[in-house]
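Chemist: For reference, this is my_file_30.txt, and it has compact mmCIF, C-alpha atoms.
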# COMPACT_ATOMS: atom_id res chain seq x y z
CA MET N 1 57.61 -42.09 37.60
CA LYS N 2 61.21 -43.02 36.80
CA SER N 3 60.06 -44.86 33.66
CA LEU N 4 57.97 -41.86 32.59
CA PHE N 5 60.89 -39.45 32.94
CA LEU N 6 63.13 -41.85 31.02
CA VAL N 7 60.70 -42.16 28.10
CA VAL N 8 60.08 -38.40 27.97
CA LYS N 9 63.84 -37.77 27.99
CA GLU N 10 64.29 -40.24 25.11
CA GLN N 11 61.62 -38.45 23.09
CA ILE N 12 63.20 -35.04 23.62
CA THR N 13 66.78 -36.13 22.91
CA SER N 14 65.65 -38.02 19.77
CA LEU N 15 63.64 -35.22 18.13
CA TYR N 16 65.96 -35.02 15.13
CA LEU N 17 65.86 -38.79 14.68
CA ILE N 18 62.06 -38.78 14.94
CA LYS N 19 61.88 -36.10 12.25
CA ARG N 20 64.16 -37.98 9.84
CA LEU N 21 62.53 -41.37 10.35
CA SER N 22 59.00 -39.97 10.11
CA LEU N 23 59.77 -38.27 6.79
CA PHE N 24 61.26 -41.51 5.46
CA GLU N 25 58.18 -43.43 6.69
CA MET N 26 55.82 -41.04 4.92
CA LYS N 27 57.76 -41.12 1.63
CA SER N 28 58.17 -44.91 1.61
CA ALA N 29 54.44 -45.41 2.21
CA ASN N 30 53.61 -43.60 -1.03
CA THR N 31 56.62 -44.45 -3.16
CA ASN N 32 54.77 -46.94 -5.42
CA ASN N 33 51.84 -44.64 -6.24
CA TYR N 34 51.87 -42.35 -9.27
CA LEU N 35 50.11 -39.61 -7.33
CA GLY N 36 52.28 -40.27 -4.29
CA ILE N 37 51.37 -38.30 -1.20
CA LEU N 38 48.33 -36.77 -2.94
CA TRP N 39 46.49 -39.96 -2.03
CA GLU N 40 46.72 -38.79 1.59
CA ILE N 41 44.27 -36.06 0.54
CA ILE N 42 42.28 -37.79 -2.20
CA ASN N 43 41.31 -40.85 -0.14
CA PRO N 44 39.93 -38.87 2.85
CA MET N 45 38.00 -36.54 0.54
CA ILE N 46 36.33 -39.52 -1.16
CA GLN N 47 35.38 -40.97 2.23
CA LEU N 48 34.08 -37.60 3.44
CA SER N 49 31.84 -37.37 0.37
CA ILE N 50 30.34 -40.78 1.15
CA TYR N 51 29.85 -40.00 4.85
CA TRP N 52 28.15 -36.69 3.97
CA PHE N 53 25.84 -38.39 1.48
CA VAL N 54 24.85 -41.23 3.85
CA PHE N 55 24.69 -39.43 7.20
CA GLY N 56 24.05 -35.84 6.14
CA GLU N 57 21.65 -36.18 3.21
CA GLY N 58 20.40 -39.70 3.86
CA ILE N 59 19.92 -40.06 7.62
CA ARG N 60 19.69 -36.39 8.70
CA GLN N 61 17.94 -35.15 5.53
CA GLY N 62 20.24 -32.12 5.43
CA GLU N 63 19.38 -31.01 8.98
CA PRO N 64 22.18 -28.83 10.47
CA ILE N 65 23.90 -29.30 13.84
CA GLY N 66 22.84 -26.19 15.70
CA ASN N 67 23.62 -23.31 13.35
CA VAL N 68 26.31 -25.21 11.44
CA PRO N 69 25.49 -27.18 8.26
CA PHE N 70 26.14 -30.87 8.84
CA VAL N 71 28.81 -31.13 6.13
CA TYR N 72 31.05 -28.51 7.78
CA TRP N 73 30.40 -29.89 11.25
CA MET N 74 31.35 -33.33 9.99
CA ILE N 75 34.52 -32.49 8.08
CA THR N 76 36.00 -30.46 10.95
CA GLY N 77 35.60 -33.50 13.18
CA MET N 78 36.55 -36.17 10.66
CA VAL N 79 39.83 -34.39 9.94
CA VAL N 80 40.89 -35.58 13.41
CA TRP N 81 39.73 -39.13 12.68
CA PHE N 82 41.83 -39.41 9.52
CA PHE N 83 44.86 -38.69 11.72
CA VAL N 84 43.94 -40.75 14.78
CA ASN N 85 42.73 -43.90 12.99
CA PRO N 86 45.88 -44.77 10.98
CA ALA N 87 48.19 -43.44 13.69
CA ILE N 88 46.81 -45.80 16.35
CA LEU N 89 46.71 -48.82 14.04
CA GLN N 90 50.18 -48.34 12.59
CA ALA N 91 51.85 -47.33 15.86
CA SER N 92 50.38 -50.33 17.68
CA LYS N 93 52.22 -52.75 15.40
CA SER N 94 55.26 -50.54 14.88
CA ILE N 95 57.61 -52.42 17.21
CA TYR N 96 56.95 -56.05 16.37
CA THR N 97 56.96 -55.36 12.63
CA ARG N 98 60.37 -53.72 12.98
CA ILE N 99 62.08 -56.07 15.42
CA ASN N 100 64.66 -57.21 12.86
CA PHE N 101 65.39 -53.58 12.06
CA ILE N 102 65.68 -52.35 15.64
CA SER N 103 67.85 -55.30 16.69
CA LYS N 104 70.57 -53.98 14.35
CA MET N 105 70.27 -50.34 15.35
CA SER N 106 71.14 -48.45 18.50
CA PHE N 107 68.44 -45.96 19.42
CA PRO N 108 65.64 -45.77 22.03
CA MET N 109 62.81 -48.15 21.15
CA SER N 110 60.28 -45.73 22.63
CA VAL N 111 60.72 -43.42 19.63
CA ILE N 112 59.49 -46.06 17.16
CA PRO N 113 55.75 -45.56 17.80
CA THR N 114 56.38 -41.81 18.00
CA TYR N 115 57.98 -41.45 14.57
CA VAL N 116 55.23 -43.59 13.03
CA ILE N 117 52.63 -41.25 14.53
CA VAL N 118 54.54 -38.14 13.40
CA SER N 119 54.69 -39.56 9.86
CA LYS N 120 50.86 -39.40 9.87
CA LEU N 121 50.98 -35.85 11.18
CA TYR N 122 52.37 -34.52 7.89
CA SER N 123 49.39 -35.74 5.85
CA HIS N 124 47.11 -34.50 8.65
CA LEU N 125 48.53 -31.00 8.28
CA MET N 126 47.88 -31.11 4.53
CA LEU N 127 44.29 -32.25 5.06
CA VAL N 128 43.72 -29.52 7.67
CA GLY N 129 44.97 -27.02 5.08
CA VAL N 130 42.50 -28.31 2.46
CA ILE N 131 39.58 -28.30 4.92
CA THR N 132 40.50 -24.79 6.08
CA LEU N 133 40.48 -23.61 2.46
CA ILE N 134 37.05 -25.17 1.89
CA LEU N 135 35.71 -23.41 4.98
CA GLN N 136 36.89 -20.04 3.63
CA PHE N 137 34.58 -20.44 0.64
CA ALA N 138 31.77 -21.63 2.92
CA GLY N 139 31.82 -18.41 4.96
CA TYR N 140 33.81 -19.70 7.94
CA ARG N 141 36.69 -17.26 7.70
CA LEU N 142 39.88 -17.56 9.71
CA SER N 143 39.38 -15.97 13.10
CA ILE N 144 41.30 -15.42 16.31
CA PHE N 145 39.90 -18.75 17.56
CA PHE N 146 42.06 -20.56 14.98
CA ILE N 147 45.13 -20.07 17.18
CA GLN N 148 43.74 -22.87 19.40
CA LEU N 149 44.40 -25.39 16.65
CA PRO N 150 48.13 -25.99 17.34
CA TYR N 151 47.26 -26.70 20.98
CA PHE N 152 44.71 -29.35 20.01
CA MET N 153 47.13 -30.86 17.49
CA PHE N 154 49.69 -31.17 20.28
CA ALA N 155 47.02 -32.65 22.55
CA ALA N 156 46.16 -35.25 19.89
CA LEU N 157 49.84 -36.08 19.42
CA MET N 158 50.39 -36.60 23.15
CA LEU N 159 47.29 -38.78 23.47
CA LEU N 160 48.38 -40.95 20.54
CA ILE N 161 51.92 -41.36 21.91
CA ALA N 162 50.53 -42.35 25.31
CA ILE N 163 48.17 -44.92 23.77
CA SER N 164 50.80 -46.29 21.41
CA LEU N 165 53.29 -46.94 24.22
CA ILE N 166 50.72 -49.29 25.75
CA THR N 167 49.40 -50.93 22.59
CA SER N 168 52.77 -51.35 20.85
CA THR N 169 54.24 -53.04 23.92
CA LEU N 170 51.29 -55.37 24.49
CA ALA N 171 50.95 -56.17 20.77
CA THR N 172 54.62 -57.20 20.66
CA ILE N 173 54.10 -59.60 23.55
CA VAL N 174 50.69 -60.91 22.42
CA ARG N 175 49.83 -60.43 18.73
CA ASP N 176 46.10 -60.76 19.43
CA VAL N 177 46.23 -57.30 21.02
CA GLN N 178 46.52 -55.78 17.52
CA MET N 179 43.16 -57.35 16.61
CA ILE N 180 41.62 -55.95 19.79
CA VAL N 181 43.00 -52.50 18.94
CA GLN N 182 41.48 -52.70 15.45
CA ALA N 183 38.08 -53.61 16.91
CA ILE N 184 38.19 -50.76 19.44
CA VAL N 185 39.23 -48.23 16.79
CA ARG N 186 36.27 -49.26 14.62
CA MET N 187 33.94 -48.62 17.56
CA LEU N 188 35.55 -45.23 18.26
CA LEU N 189 34.23 -43.94 14.93
CA TYR N 190 30.73 -44.11 16.43
CA LEU N 191 31.66 -43.43 20.06
CA THR N 192 33.09 -40.03 19.11
CA PRO N 193 30.91 -37.14 17.83
CA LEU N 194 32.06 -37.44 14.23
CA LEU N 195 29.00 -38.55 12.25
CA TRP N 196 26.20 -37.92 14.75
CA HIS N 197 25.54 -35.44 17.53
CA PRO N 198 24.77 -36.96 20.95
CA THR N 199 22.48 -35.34 23.52
CA GLY N 200 21.48 -35.90 27.13
CA TYR N 201 23.16 -38.63 29.16
CA ILE N 202 24.71 -40.13 26.00
CA LEU N 203 26.64 -36.88 25.55
CA LYS N 204 28.03 -37.14 29.08
CA LEU N 205 28.99 -40.78 28.55
CA MET N 206 30.77 -39.96 25.29
CA MET N 207 32.75 -37.20 26.97
CA ILE N 208 34.63 -39.91 28.87
CA ASN N 209 36.33 -40.59 25.54
CA PRO N 210 39.33 -38.18 25.40
CA LEU N 211 38.94 -37.93 21.61
CA PHE N 212 35.72 -36.01 22.27
CA TYR N 213 37.82 -33.17 23.72
CA ILE N 214 40.10 -33.01 20.69
CA VAL N 215 37.32 -33.21 18.10
CA GLU N 216 35.26 -30.46 19.73
CA GLY N 217 38.39 -28.37 20.13
CA TYR N 218 39.14 -28.65 16.41
CA ARG N 219 35.58 -27.59 15.60
CA SER N 220 35.77 -24.56 17.88
CA ALA N 221 39.06 -23.52 16.26
CA MET N 222 38.21 -24.17 12.60
CA LEU N 223 34.59 -22.97 12.69
CA GLY N 224 35.41 -20.05 15.00
CA THR N 225 32.70 -20.85 17.55
CA GLY N 226 34.58 -20.05 20.76
CA TRP N 227 37.51 -20.66 23.11
CA TYR N 228 36.98 -24.32 23.91
CA ILE N 229 39.90 -24.49 26.35
CA LEU N 230 38.67 -21.57 28.44
CA GLU N 231 35.02 -22.55 28.25
CA ASN N 232 35.75 -26.10 29.48
CA PRO N 233 38.59 -25.84 32.03
CA GLN N 234 37.50 -28.91 34.02
CA TYR N 235 37.28 -30.99 30.88
CA SER N 236 40.77 -29.82 29.90
CA LEU N 237 42.09 -30.98 33.28
CA TYR N 238 40.32 -34.32 32.82
CA PHE N 239 41.85 -34.78 29.37
CA TRP N 240 45.41 -34.09 30.50
CA GLY N 241 44.86 -36.28 33.55
CA VAL N 242 43.90 -39.18 31.26
CA VAL N 243 46.93 -38.52 29.04
CA LEU N 244 49.26 -38.47 32.07
CA VAL N 245 47.86 -41.76 33.41
CA LEU N 246 48.16 -43.42 29.99
CA LEU N 247 51.72 -42.11 29.61
CA LEU N 248 52.65 -43.43 33.02
CA ILE N 249 51.18 -46.88 32.32
CA GLY N 250 52.69 -47.01 28.84
CA SER N 251 56.14 -45.94 30.08
CA VAL N 252 56.20 -48.55 32.83
CA LEU N 253 55.14 -51.33 30.45
CA HIS N 254 57.53 -50.26 27.71
CA VAL N 255 60.59 -49.94 29.94
CA LYS N 256 59.81 -53.23 31.69
CA PHE N 257 59.51 -55.33 28.53
CA ARG N 258 61.60 -53.61 25.85
CA ASN N 259 64.79 -55.52 26.63
CA HIS N 260 62.86 -58.71 25.89
CA PHE N 261 61.14 -57.62 22.66
CA ILE N 262 63.56 -59.62 20.54
CA ASP N 263 62.45 -62.77 22.40
CA TYR N 264 58.95 -62.39 20.96
CA LEU N 265 60.09 -62.53 17.32
Take the structure in this file and express it as structure tokens.
Modeler:
Amino acid sequence: MKSLFLVVKEQITSLYLIKRLSLFEMKSANTNNYLGILWEIINPMIQLSIYWFVFGEGIRQGEPIGNVPFVYWMITGMVVWFFVNPAILQASKSIYTRINFISKMSFPMSVIPTYVIVSKLYSHLMLVGVITLILQFAGYRLSIFFIQLPYFMFAALMLLIAISLITSTLATIVRDVQMIVQAIVRMLLYLTPLLWHPTGYILKLMMINPLFYIVEGYRSAMLGTGWYILENPQYSLYFWGVVLVLLLIGSVLHVKFRNHFIDYL
């Protein structure tokens, strides 16, 4: 628990640093493109169009999910994926790709994965804004349920930080871990209710995945279908239990090995 408290303290005391570094990370990632940060919106929209055509019109033949047209069900889930996917991949390699940089600076290494994740949050907020605007024209007006969205964004952020503490530490020690992370992330696209709707025992199995909680929470908030937190209190406890365990494991690993990161260069 001592390691967990130390890492949490470093995150809180470094909030300003995280903000500055994340903004720099976001700007530098798009500095060579004429359209700059607009690609953070254009690229997901292109992919969403392809997914809708293949899975919605091709495989499902336009069949809705319950009372919700597939396209709106899909985009309110995929908006989470376009945040989670790059955040996990980039945060996992954030430490070993910046070892030369961090060896010359004096700040907590635990904030490195965090600011990389936060840099992806900015483009996520823009995409959420675009999807929300689309939903207004589709008849899914803003409702009181939308106030859940900041909670689920925070939940996603905490889950990603917890995962990245583990993966960034292990990937620094053994580079092959990054390849394993990439393989797992590819599988998560289909092990999360993003492009297809599970039923029966498959649904229960998929609920083990904590991303399930976040995706369904986003849908409840953006489509205005209910209070997902209140309707699923046990699942909420399960989710935060998983996050706490991952944070604890990640903190212990990170604190144990971070003084030796430079040795793995």
Chemist: From the list N:Met109, N:Val116, N:Met74, N:Ile42, which residue is nearest Glu10 of chain N when using all atoms listed in the file?
Modeler: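 The shortest atom-to-atom distance to Glu10 of chain N comes from N:Met109.
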Chemist: Just checking: using all atoms listed in the file, which residue out of N:Leu149, N:Ile208, N:Leu142, N:Ile163 ends up closest to Val185 of chain N?
Modeler: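 Closest to Val185 of chain N of all the choices is N:Ile163.
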Chemist: Under the rule that only C-alpha atoms are counted, which of N:Tyr218, N:Tyr51, N:Tyr213, N:Phe261 is the nearest residue to Val242 of chain N?
Modeler: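 When distances to Val242 of chain N are compared using only C-alpha atoms, the smallest one comes from N:Tyr213.
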Chemist: Considering all atoms listed in the file, state which residue in the set N:Leu6, N:Val130, N:Val80, N:Thr97 is at the smallest distance from Leu38 of chain N.
Modeler: N:Val130
Chemist: Smallest atom-to-atom distance to Lys19 of chain N: which of N:Thr169, N:Asn232, N:Asn209, N:Ser119, using only C-alpha atoms?
Modeler: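 Checking each of N:Thr169, N:Asn232, N:Asn209, N:Ser119 against Lys19 of chain N, counting only C-alpha atoms, the winner is N:Ser119.
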Chemist: Pick the closest to Tyr122 of chain N from N:Ser22, N:Gln178, N:Ser220, N:Ser168: which is it, counting all atoms listed in the file?
Modeler: N:Ser22
Chemist: Can you tell me how far atom CA of Leu248 of chain N sits from atom CA of Met1 of chain N, in Å to one decimal?
Modeler: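 Between atom CA of Leu248 of chain N and atom CA of Met1 of chain N the gap is 6.9 Å.
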